[in-house]
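Q: Here it is, the structure, as structure tokens.
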Amino acid sequence: MKALIFEHFGGPEVLRYADLPDPELEPGTVWVRMKAIGLNFADIYRRRGDYHLAGQAPYILGYEGAGIVERVAEDVKTVEVGDRVAFADVPYANAELVKVGIDHIIPLPDDITFEQSAALLLQGLTAHYLVNDSYSVQPGDEIVIHAAAGGVGQLLTQLAKAKGARVLGLTSSPAKREAALSAGADEVLLYDSDWANAAVRWSYDGQGVNAVYDSVGSTLMDSFKATKIKGSVVFYGMAGGNPPHIDPRMLMDTSKTLTGGDLWNHIVTHSNRVERSEKLFEAIRQGHLKMEEPKSFPLREGAEAHRLLESRSSTGKILLIP
């Protein structure tokens with residue numbers, strides 16, 4: 001099979017398209033012939049060496065994608081050859097063939113394309129648990145969403161709006177501001193503004209917002225400044241660097257809540273993974289989720305896709321097509 005690999009850490013230039021042996025089909029697994037692969041910032045972090053990688057070179061990146069089942073192990077009875085499937089958390093996805101455990105298989109309905117699912121699942125499942133579990137958005141809530149033009153940010157904005165919230169997005173450029181507004185944000189501010197105080201003024205009662213979803217990290221104190229008494233800050237990423245240490249006395253004095261969010265603490269069973277995915281597919285059918293057309297690169301041009309994502313100039317999702 002062909003795969004996008006690298007043998008040492010570094011920039012996009014370390015990636016190359018090469019021949020590798022097909023994966024070994026083990027009990028409880030299937031082969032998926034990939035049709036679309038999602039590219040995520042975690043792939044960049046792993047390529048740089050910021051995240052631990054198991055095993056030895058050559059390394060294969062990727063965790064998210066969709067395709068057609070090509071072979072099944074003898075003990076597999078719930079998945080058949082020819083099934084359309086997707087997954088959000090299976091390693092070595094940057095290849096023509098991926099070995100997938102059946103507990104990670106998400107059935108793909110006929111009305112959802114391979115490209116839609118590869119662009120949706122990892123970020124969509126993240127947005128789903130954020131608005132339902134980390135902070136349960138209610139009708140009338142006022143919400144601030146960091147990086148509102150990004151993949152998670154656009155989905156998070158739409159899911160919050162579908163729940164009846166009023167959304168203030170934050171972006172780094174005028175072009176990204178337009179993307180966030182197109183996703184449904186009621187207002188969008190740029191990071192070079194005094195956005196925390198502006199968010200307080202933006203709230204109907206002038207006391208601050210109900211919740212802030214912060215994926216930047218270094219902005220955490222400003223997120224608390226934008227939040228009203230008894231409000232919540234959901235911290236789920238560090239795109240802008242490590243967060244400051246938070247004094248618990250501040251939380252006590254303001255009755256504010258700080259909660260963390262990590263997807264892998266929320267999709268711990270196959271049934272939960274499938275149930276949440278089906279709700280995302282239904283949100284697409286009902287028009288609650290309107291996804292920006294993803295940017296697609298051939299898998300052999302993965303280095304160019306990495307350069308685009310790493311530049312932070314893109315909005316929406318980037319796909320790799322084998």
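How things are named: the first chain in the structure tokens is A, the next is B, and so on; residues count from 1 in each chain; ligands count from 1 in the order shown.
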Can you check which parts of range 103-180 of chain A lie within 10 Å of range 89-92 of chain A? Per residue, the shortest pair of atoms and distance in Å to one decimal, counting only C-alpha atoms, sorted by chain and number, as a tab-separated table.
A:
```
residue	atom	partner	partner_atom	distance
A:His104	CA	A:Asp89	CA	7.1
A:Ile105	CA	A:Val90	CA	9.2
A:Leu121	CA	A:Asp89	CA	9.4
A:Leu122	CA	A:Asp89	CA	7.7
```
Q: Excluding Leu220 in chain A and residues on its chain fewer than 5 positions from it, collect all residues at most 8 Å away from it, counting only C-alpha atoms, and give them as JSON, numbers by chain.
A: {"A": [214, 235, 243, 244]}
Q: Could you list, as an mmCIF file with C-alpha atoms, in the first residue's frame, every residue within 9 Å of Gly153 in chain A, counting only C-alpha atoms and ignoring same-chain residues fewer than 2 positions away?
A:
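Generated file (out39.cif):
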```
data_model
loop_
_atom_site.group_PDB
_atom_site.id
_atom_site.type_symbol
_atom_site.label_atom_id
_atom_site.label_comp_id
_atom_site.auth_asym_id
_atom_site.auth_seq_id
_atom_site.Cartn_x
_atom_site.Cartn_y
_atom_site.Cartn_z
ATOM 1 C CA GLN A 123 -14.043 18.109 15.350
ATOM 2 C CA ALA A 127 -18.061 20.315 19.556
ATOM 3 C CA ILE A 145 -16.165 30.988 21.280
ATOM 4 C CA HIS A 146 -12.440 31.295 20.674
ATOM 5 C CA ALA A 147 -11.017 30.543 17.201
ATOM 6 C CA ALA A 148 -14.541 30.716 15.830
ATOM 7 C CA ALA A 149 -13.405 30.366 12.206
ATOM 8 C CA GLY A 150 -11.575 27.105 12.832
ATOM 9 C CA GLY A 151 -12.958 23.635 12.276
ATOM 10 C CA LEU A 155 -19.204 23.575 14.376
ATOM 11 C CA LEU A 156 -19.351 24.751 17.992
ATOM 12 C CA THR A 157 -20.952 28.013 16.887
ATOM 13 C CA GLN A 158 -23.635 26.201 14.891
ATOM 14 C CA GLY A 169 -16.885 34.671 18.131
ATOM 15 C CA ALA A 180 -17.219 32.955 11.645
ATOM 16 C CA ALA A 183 -21.096 29.997 10.457
ATOM 17 C CA GLY A 316 -12.567 24.959 7.859
#
```
Q: Leaving out Ser296 in chain A and any residue of its chain fewer than 4 positions from it, which residues lie within 8 Å of it when counting only C-alpha atoms, given as a PDB file with C-alpha atoms, in the first residue's frame?
A:
```pdb
ATOM      1  CA  ILE A 318      -8.361  20.062   5.161  1.00  0.00           C
ATOM      2  CA  LEU A 319      -8.673  16.556   3.702  1.00  0.00           C
ATOM      3  CA  LEU A 320      -6.161  14.121   2.231  1.00  0.00           C
ATOM      4  CA  ILE A 321      -7.456  11.912  -0.606  1.00  0.00           C
TER       5      ILE A 321
END
```
Q: When you look at Ser173 in chain A with a cut-off of 12 Å (counting only C-alpha atoms), what residues show up, excluding the ones that are within fewer than 2 positions of it in the same chain? I need them as a VMD selection string.
A: chain A and resid 147 to 150 169 to 171 175 to 180 188 to 193 312 to 315
Q: Deliver the residues from the most recent selection as a file, using all heavy atoms, as a compact mmCIF listing (two decimals), in the first residue's frame.
A:
```txt
# COMPACT_ATOMS: atom_id res chain seq x y z
N ALA A 147 -11.36 31.15 18.50
CA ALA A 147 -11.02 30.54 17.20
C ALA A 147 -12.28 30.12 16.46
O ALA A 147 -12.40 29.01 15.97
CB ALA A 147 -10.08 29.35 17.40
N ALA A 148 -13.21 31.05 16.35
CA ALA A 148 -14.54 30.72 15.83
C ALA A 148 -14.55 30.40 14.34
O ALA A 148 -15.55 29.88 13.84
CB ALA A 148 -15.51 31.87 16.12
N ALA A 149 -13.47 30.69 13.63
CA ALA A 149 -13.40 30.37 12.21
C ALA A 149 -12.76 29.02 11.95
O ALA A 149 -12.75 28.54 10.82
CB ALA A 149 -12.64 31.44 11.45
N GLY A 150 -12.22 28.40 12.99
CA GLY A 150 -11.57 27.11 12.83
C GLY A 150 -12.58 25.98 12.68
O GLY A 150 -13.80 26.19 12.76
N GLY A 169 -18.08 35.39 18.55
CA GLY A 169 -16.88 34.67 18.13
C GLY A 169 -15.65 35.54 18.21
O GLY A 169 -15.73 36.77 18.16
N LEU A 170 -14.49 34.89 18.32
CA LEU A 170 -13.20 35.56 18.32
C LEU A 170 -12.34 34.98 17.21
O LEU A 170 -12.24 33.76 17.08
CB LEU A 170 -12.49 35.38 19.66
CG LEU A 170 -13.21 35.93 20.89
CD1 LEU A 170 -12.48 35.50 22.16
CD2 LEU A 170 -13.31 37.45 20.83
N THR A 171 -11.72 35.85 16.39
CA THR A 171 -10.85 35.41 15.31
C THR A 171 -9.63 36.32 15.22
O THR A 171 -9.58 37.38 15.87
CB THR A 171 -11.57 35.42 13.95
OG1 THR A 171 -11.90 36.77 13.59
CG2 THR A 171 -12.84 34.59 13.98
N ALA A 175 -10.68 38.25 7.43
CA ALA A 175 -11.17 37.15 6.60
C ALA A 175 -11.78 36.05 7.46
O ALA A 175 -12.84 35.50 7.14
CB ALA A 175 -10.03 36.59 5.75
N LYS A 176 -11.12 35.75 8.56
CA LYS A 176 -11.66 34.73 9.46
C LYS A 176 -12.92 35.23 10.16
O LYS A 176 -13.81 34.44 10.49
CB LYS A 176 -10.60 34.31 10.48
CG LYS A 176 -9.47 33.50 9.86
CD LYS A 176 -8.52 32.96 10.91
CE LYS A 176 -7.46 32.07 10.28
NZ LYS A 176 -6.56 31.45 11.28
N ARG A 177 -12.99 36.53 10.39
CA ARG A 177 -14.21 37.10 10.97
C ARG A 177 -15.40 36.81 10.06
O ARG A 177 -16.48 36.43 10.53
CB ARG A 177 -14.05 38.60 11.17
CG ARG A 177 -15.30 39.28 11.75
CD ARG A 177 -15.08 40.78 11.96
NE ARG A 177 -16.22 41.36 12.65
CZ ARG A 177 -17.33 41.81 12.05
NH1 ARG A 177 -17.42 41.74 10.71
NH2 ARG A 177 -18.33 42.31 12.75
N GLU A 178 -15.22 36.97 8.76
CA GLU A 178 -16.31 36.70 7.82
C GLU A 178 -16.70 35.23 7.84
O GLU A 178 -17.89 34.89 7.75
CB GLU A 178 -15.90 37.13 6.41
CG GLU A 178 -15.75 38.64 6.23
CD GLU A 178 -16.97 39.40 6.67
OE1 GLU A 178 -18.09 39.01 6.24
OE2 GLU A 178 -16.84 40.37 7.44
N ALA A 179 -15.71 34.35 7.98
CA ALA A 179 -16.02 32.91 8.04
C ALA A 179 -16.83 32.58 9.28
O ALA A 179 -17.77 31.77 9.24
CB ALA A 179 -14.72 32.10 8.02
N ALA A 180 -16.49 33.21 10.40
CA ALA A 180 -17.22 32.96 11.65
C ALA A 180 -18.64 33.50 11.57
O ALA A 180 -19.59 32.88 12.06
CB ALA A 180 -16.47 33.57 12.83
N VAL A 188 -18.58 39.05 15.86
CA VAL A 188 -17.22 38.51 15.89
C VAL A 188 -16.25 39.65 16.16
O VAL A 188 -16.32 40.71 15.52
CB VAL A 188 -16.86 37.81 14.56
CG1 VAL A 188 -15.41 37.32 14.61
CG2 VAL A 188 -17.81 36.66 14.28
N LEU A 189 -15.36 39.43 17.11
CA LEU A 189 -14.32 40.40 17.44
C LEU A 189 -12.95 39.84 17.08
O LEU A 189 -12.75 38.62 17.06
CB LEU A 189 -14.35 40.72 18.94
CG LEU A 189 -15.64 41.31 19.50
CD1 LEU A 189 -15.53 41.46 21.01
CD2 LEU A 189 -15.95 42.66 18.84
N LEU A 190 -12.01 40.73 16.80
CA LEU A 190 -10.63 40.32 16.52
C LEU A 190 -9.83 40.30 17.82
O LEU A 190 -10.09 41.06 18.74
CB LEU A 190 -9.98 41.27 15.53
CG LEU A 190 -10.66 41.40 14.16
CD1 LEU A 190 -9.84 42.30 13.25
CD2 LEU A 190 -10.87 40.03 13.51
N TYR A 191 -8.83 39.42 17.85
CA TYR A 191 -8.03 39.29 19.06
C TYR A 191 -7.21 40.53 19.38
O TYR A 191 -6.82 40.74 20.53
CB TYR A 191 -7.08 38.08 18.93
CG TYR A 191 -7.75 36.76 19.23
CD1 TYR A 191 -7.94 35.82 18.22
CD2 TYR A 191 -8.19 36.45 20.51
CE1 TYR A 191 -8.55 34.60 18.49
CE2 TYR A 191 -8.80 35.24 20.78
CZ TYR A 191 -8.98 34.32 19.78
OH TYR A 191 -9.58 33.12 20.05
N ASP A 192 -6.95 41.37 18.38
CA ASP A 192 -6.16 42.58 18.68
C ASP A 192 -7.00 43.69 19.30
O ASP A 192 -6.50 44.78 19.57
CB ASP A 192 -5.44 43.09 17.43
CG ASP A 192 -6.39 43.44 16.29
OD1 ASP A 192 -7.61 43.38 16.50
OD2 ASP A 192 -5.90 43.77 15.20
N SER A 193 -8.26 43.42 19.54
CA SER A 193 -9.13 44.38 20.21
C SER A 193 -9.16 44.05 21.71
O SER A 193 -8.65 43.03 22.16
CB SER A 193 -10.55 44.30 19.65
OG SER A 193 -11.12 43.02 19.92
N ARG A 312 -1.92 28.60 9.58
CA ARG A 312 -3.09 29.16 10.26
C ARG A 312 -3.84 30.18 9.39
O ARG A 312 -4.59 31.01 9.90
CB ARG A 312 -2.71 29.79 11.61
CG ARG A 312 -2.14 28.78 12.60
CD ARG A 312 -1.93 29.40 13.97
NE ARG A 312 -1.30 28.47 14.90
CZ ARG A 312 -1.95 27.56 15.63
NH1 ARG A 312 -3.25 27.47 15.52
NH2 ARG A 312 -1.30 26.77 16.45
N SER A 313 -3.62 30.12 8.09
CA SER A 313 -4.33 31.03 7.18
C SER A 313 -5.61 30.42 6.64
O SER A 313 -6.38 31.10 5.97
CB SER A 313 -3.42 31.42 6.02
OG SER A 313 -3.06 30.29 5.24
N SER A 314 -5.83 29.14 6.90
CA SER A 314 -6.99 28.46 6.36
C SER A 314 -8.15 28.50 7.33
O SER A 314 -7.98 28.71 8.53
CB SER A 314 -6.65 27.01 6.02
OG SER A 314 -6.32 26.29 7.21
N THR A 315 -9.35 28.30 6.81
CA THR A 315 -10.54 28.13 7.63
C THR A 315 -11.17 26.80 7.24
O THR A 315 -10.98 26.30 6.14
CB THR A 315 -11.56 29.26 7.43
OG1 THR A 315 -11.97 29.28 6.05
CG2 THR A 315 -10.95 30.61 7.79
```
Q: Which polymer residues have any atom within 9 Å of an atom of Gly124 in chain A, counting only C-alpha atoms, with same-chain residues fewer than 4 positions away left out, as a PyMOL selection string?
A: chain A and resi 119-120+128-129+151-152+155-156+277+280
Q: Take the residues that were just selected and, keeping N, CA and C atoms, output them as a CSV table (one decimal), in the first residue's frame.
A:
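Done, and the output landed in out_36.csv:
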```
chain,number,residue,atom,x,y,z
A,119,ALA,N,-14.4,15.2,7.3
A,119,ALA,CA,-14.3,16.6,7.7
A,119,ALA,C,-15.0,16.9,9.0
A,120,LEU,N,-15.9,16.0,9.4
A,120,LEU,CA,-16.8,16.3,10.5
A,120,LEU,C,-16.4,15.6,11.8
A,128,HIS,N,-19.7,18.5,20.0
A,128,HIS,CA,-20.9,17.9,20.6
A,128,HIS,C,-20.7,17.8,22.1
A,129,TYR,N,-19.6,17.2,22.5
A,129,TYR,CA,-19.5,17.1,24.0
A,129,TYR,C,-19.3,18.4,24.7
A,151,GLY,N,-12.1,24.8,12.5
A,151,GLY,CA,-13.0,23.6,12.3
A,151,GLY,C,-13.9,23.4,13.4
A,152,VAL,N,-13.3,23.3,14.7
A,152,VAL,CA,-14.2,23.1,15.8
A,152,VAL,C,-15.0,24.4,16.1
A,155,LEU,N,-18.2,24.6,14.0
A,155,LEU,CA,-19.2,23.6,14.4
A,155,LEU,C,-19.8,23.9,15.7
A,156,LEU,N,-18.9,24.4,16.7
A,156,LEU,CA,-19.4,24.8,18.0
A,156,LEU,C,-20.3,25.9,17.9
A,277,SER,N,-22.2,10.4,16.9
A,277,SER,CA,-22.0,10.5,15.4
A,277,SER,C,-23.3,10.6,14.7
A,280,LEU,N,-24.8,14.0,15.0
A,280,LEU,CA,-24.1,15.0,14.1
A,280,LEU,C,-24.6,14.8,12.7
```
Q: In Å, how far is it from CA of Glu293 in chain A to CA of Glu187 in chain A?
A: 22.3 Å
Q: Which residues are near range 78-84 of chain A? Cut-off 8 Å, only C-alpha atoms, ignore same chain within fewer than 5 positions. Put them as a PyMOL selection string.
A: chain A and resi 66-72+102+107-110
Q: Please produce a file of the residues just selected, as an mmCIF file, in the first residue's frame, where the atoms kept are all heavy atoms.
A:
```cif
data_model
loop_
_atom_site.group_PDB
_atom_site.id
_atom_site.type_symbol
_atom_site.label_atom_id
_atom_site.label_comp_id
_atom_site.auth_asym_id
_atom_site.auth_seq_id
_atom_site.Cartn_x
_atom_site.Cartn_y
_atom_site.Cartn_z
ATOM 1 N N ALA A 66 -12.568 8.018 6.414
ATOM 2 C CA ALA A 66 -13.733 7.237 5.986
ATOM 3 C C ALA A 66 -13.374 6.443 4.748
ATOM 4 O O ALA A 66 -12.494 6.839 3.966
ATOM 5 C CB ALA A 66 -14.913 8.161 5.699
ATOM 6 N N GLY A 67 -14.065 5.310 4.583
ATOM 7 C CA GLY A 67 -13.794 4.482 3.421
ATOM 8 C C GLY A 67 -14.713 3.276 3.376
ATOM 9 O O GLY A 67 -15.791 3.266 3.981
ATOM 10 N N ILE A 68 -14.268 2.247 2.661
ATOM 11 C CA ILE A 68 -15.060 1.041 2.436
ATOM 12 C C ILE A 68 -14.323 -0.163 3.020
ATOM 13 O O ILE A 68 -13.114 -0.321 2.808
ATOM 14 C CB ILE A 68 -15.313 0.833 0.933
ATOM 15 C CG1 ILE A 68 -16.118 2.014 0.372
ATOM 16 C CG2 ILE A 68 -16.054 -0.473 0.681
ATOM 17 C CD1 ILE A 68 -16.283 1.969 -1.131
ATOM 18 N N VAL A 69 -15.050 -0.987 3.756
ATOM 19 C CA VAL A 69 -14.450 -2.186 4.340
ATOM 20 C C VAL A 69 -14.029 -3.140 3.220
ATOM 21 O O VAL A 69 -14.836 -3.496 2.350
ATOM 22 C CB VAL A 69 -15.439 -2.888 5.290
ATOM 23 C CG1 VAL A 69 -14.848 -4.207 5.802
ATOM 24 C CG2 VAL A 69 -15.782 -1.971 6.457
ATOM 25 N N GLU A 70 -12.751 -3.545 3.248
ATOM 26 C CA GLU A 70 -12.215 -4.410 2.187
ATOM 27 C C GLU A 70 -12.005 -5.850 2.655
ATOM 28 O O GLU A 70 -12.167 -6.787 1.883
ATOM 29 C CB GLU A 70 -10.885 -3.831 1.683
ATOM 30 C CG GLU A 70 -10.314 -4.591 0.509
ATOM 31 C CD GLU A 70 -9.301 -3.761 -0.265
ATOM 32 O OE1 GLU A 70 -9.674 -2.651 -0.738
ATOM 33 O OE2 GLU A 70 -8.159 -4.212 -0.401
ATOM 34 N N ARG A 71 -11.641 -6.029 3.914
ATOM 35 C CA ARG A 71 -11.489 -7.373 4.480
ATOM 36 C C ARG A 71 -11.925 -7.337 5.936
ATOM 37 O O ARG A 71 -11.815 -6.295 6.594
ATOM 38 C CB ARG A 71 -10.036 -7.861 4.409
ATOM 39 C CG ARG A 71 -9.569 -8.347 3.053
ATOM 40 C CD ARG A 71 -8.152 -8.909 3.139
ATOM 41 N NE ARG A 71 -8.077 -10.039 4.057
ATOM 42 C CZ ARG A 71 -6.918 -10.596 4.463
ATOM 43 N NH1 ARG A 71 -5.768 -10.102 4.024
ATOM 44 N NH2 ARG A 71 -6.927 -11.618 5.299
ATOM 45 N N VAL A 72 -12.401 -8.466 6.447
ATOM 46 C CA VAL A 72 -12.764 -8.567 7.864
ATOM 47 C C VAL A 72 -12.114 -9.805 8.448
ATOM 48 O O VAL A 72 -11.940 -10.826 7.764
ATOM 49 C CB VAL A 72 -14.292 -8.623 8.066
ATOM 50 C CG1 VAL A 72 -14.974 -7.407 7.465
ATOM 51 C CG2 VAL A 72 -14.879 -9.893 7.472
ATOM 52 N N ILE A 102 -13.177 -3.075 15.467
ATOM 53 C CA ILE A 102 -14.618 -2.909 15.248
ATOM 54 C C ILE A 102 -15.257 -1.986 16.272
ATOM 55 O O ILE A 102 -16.289 -1.375 16.007
ATOM 56 C CB ILE A 102 -15.344 -4.265 15.213
ATOM 57 C CG1 ILE A 102 -15.096 -5.060 16.506
ATOM 58 C CG2 ILE A 102 -14.929 -5.065 13.993
ATOM 59 C CD1 ILE A 102 -15.925 -6.324 16.592
ATOM 60 N N PRO A 107 -20.727 3.356 11.502
ATOM 61 C CA PRO A 107 -21.437 3.135 10.226
ATOM 62 C C PRO A 107 -21.736 4.468 9.545
ATOM 63 O O PRO A 107 -22.152 5.435 10.185
ATOM 64 C CB PRO A 107 -22.726 2.424 10.662
ATOM 65 C CG PRO A 107 -22.414 1.840 11.998
ATOM 66 C CD PRO A 107 -21.454 2.793 12.649
ATOM 67 N N LEU A 108 -21.523 4.505 8.232
ATOM 68 C CA LEU A 108 -21.716 5.742 7.476
ATOM 69 C C LEU A 108 -22.985 5.632 6.646
ATOM 70 O O LEU A 108 -23.068 4.812 5.731
ATOM 71 C CB LEU A 108 -20.505 5.986 6.575
ATOM 72 C CG LEU A 108 -20.390 7.357 5.917
ATOM 73 C CD1 LEU A 108 -20.337 8.462 6.960
ATOM 74 C CD2 LEU A 108 -19.144 7.409 5.037
ATOM 75 N N PRO A 109 -23.998 6.467 6.944
ATOM 76 C CA PRO A 109 -25.243 6.424 6.167
ATOM 77 C C PRO A 109 -24.998 6.787 4.709
ATOM 78 O O PRO A 109 -24.054 7.507 4.371
ATOM 79 C CB PRO A 109 -26.128 7.477 6.859
ATOM 80 C CG PRO A 109 -25.507 7.694 8.197
ATOM 81 C CD PRO A 109 -24.045 7.455 8.030
ATOM 82 N N ASP A 110 -25.882 6.310 3.836
ATOM 83 C CA ASP A 110 -25.725 6.543 2.404
ATOM 84 C C ASP A 110 -25.805 8.023 2.037
ATOM 85 O O ASP A 110 -25.253 8.440 1.012
ATOM 86 C CB ASP A 110 -26.791 5.771 1.622
ATOM 87 C CG ASP A 110 -26.556 4.262 1.649
ATOM 88 O OD1 ASP A 110 -25.408 3.846 1.904
ATOM 89 O OD2 ASP A 110 -27.528 3.509 1.427
#
```
Q: From the DSSP assignment of the backbone, select every residue of range 15-129 of chain A that is strand (DSSP E), and format the answer as a ChimeraX atom specification.
A: /A:16-19,29-39,59-60,64-72,84-87,97-101,106-107
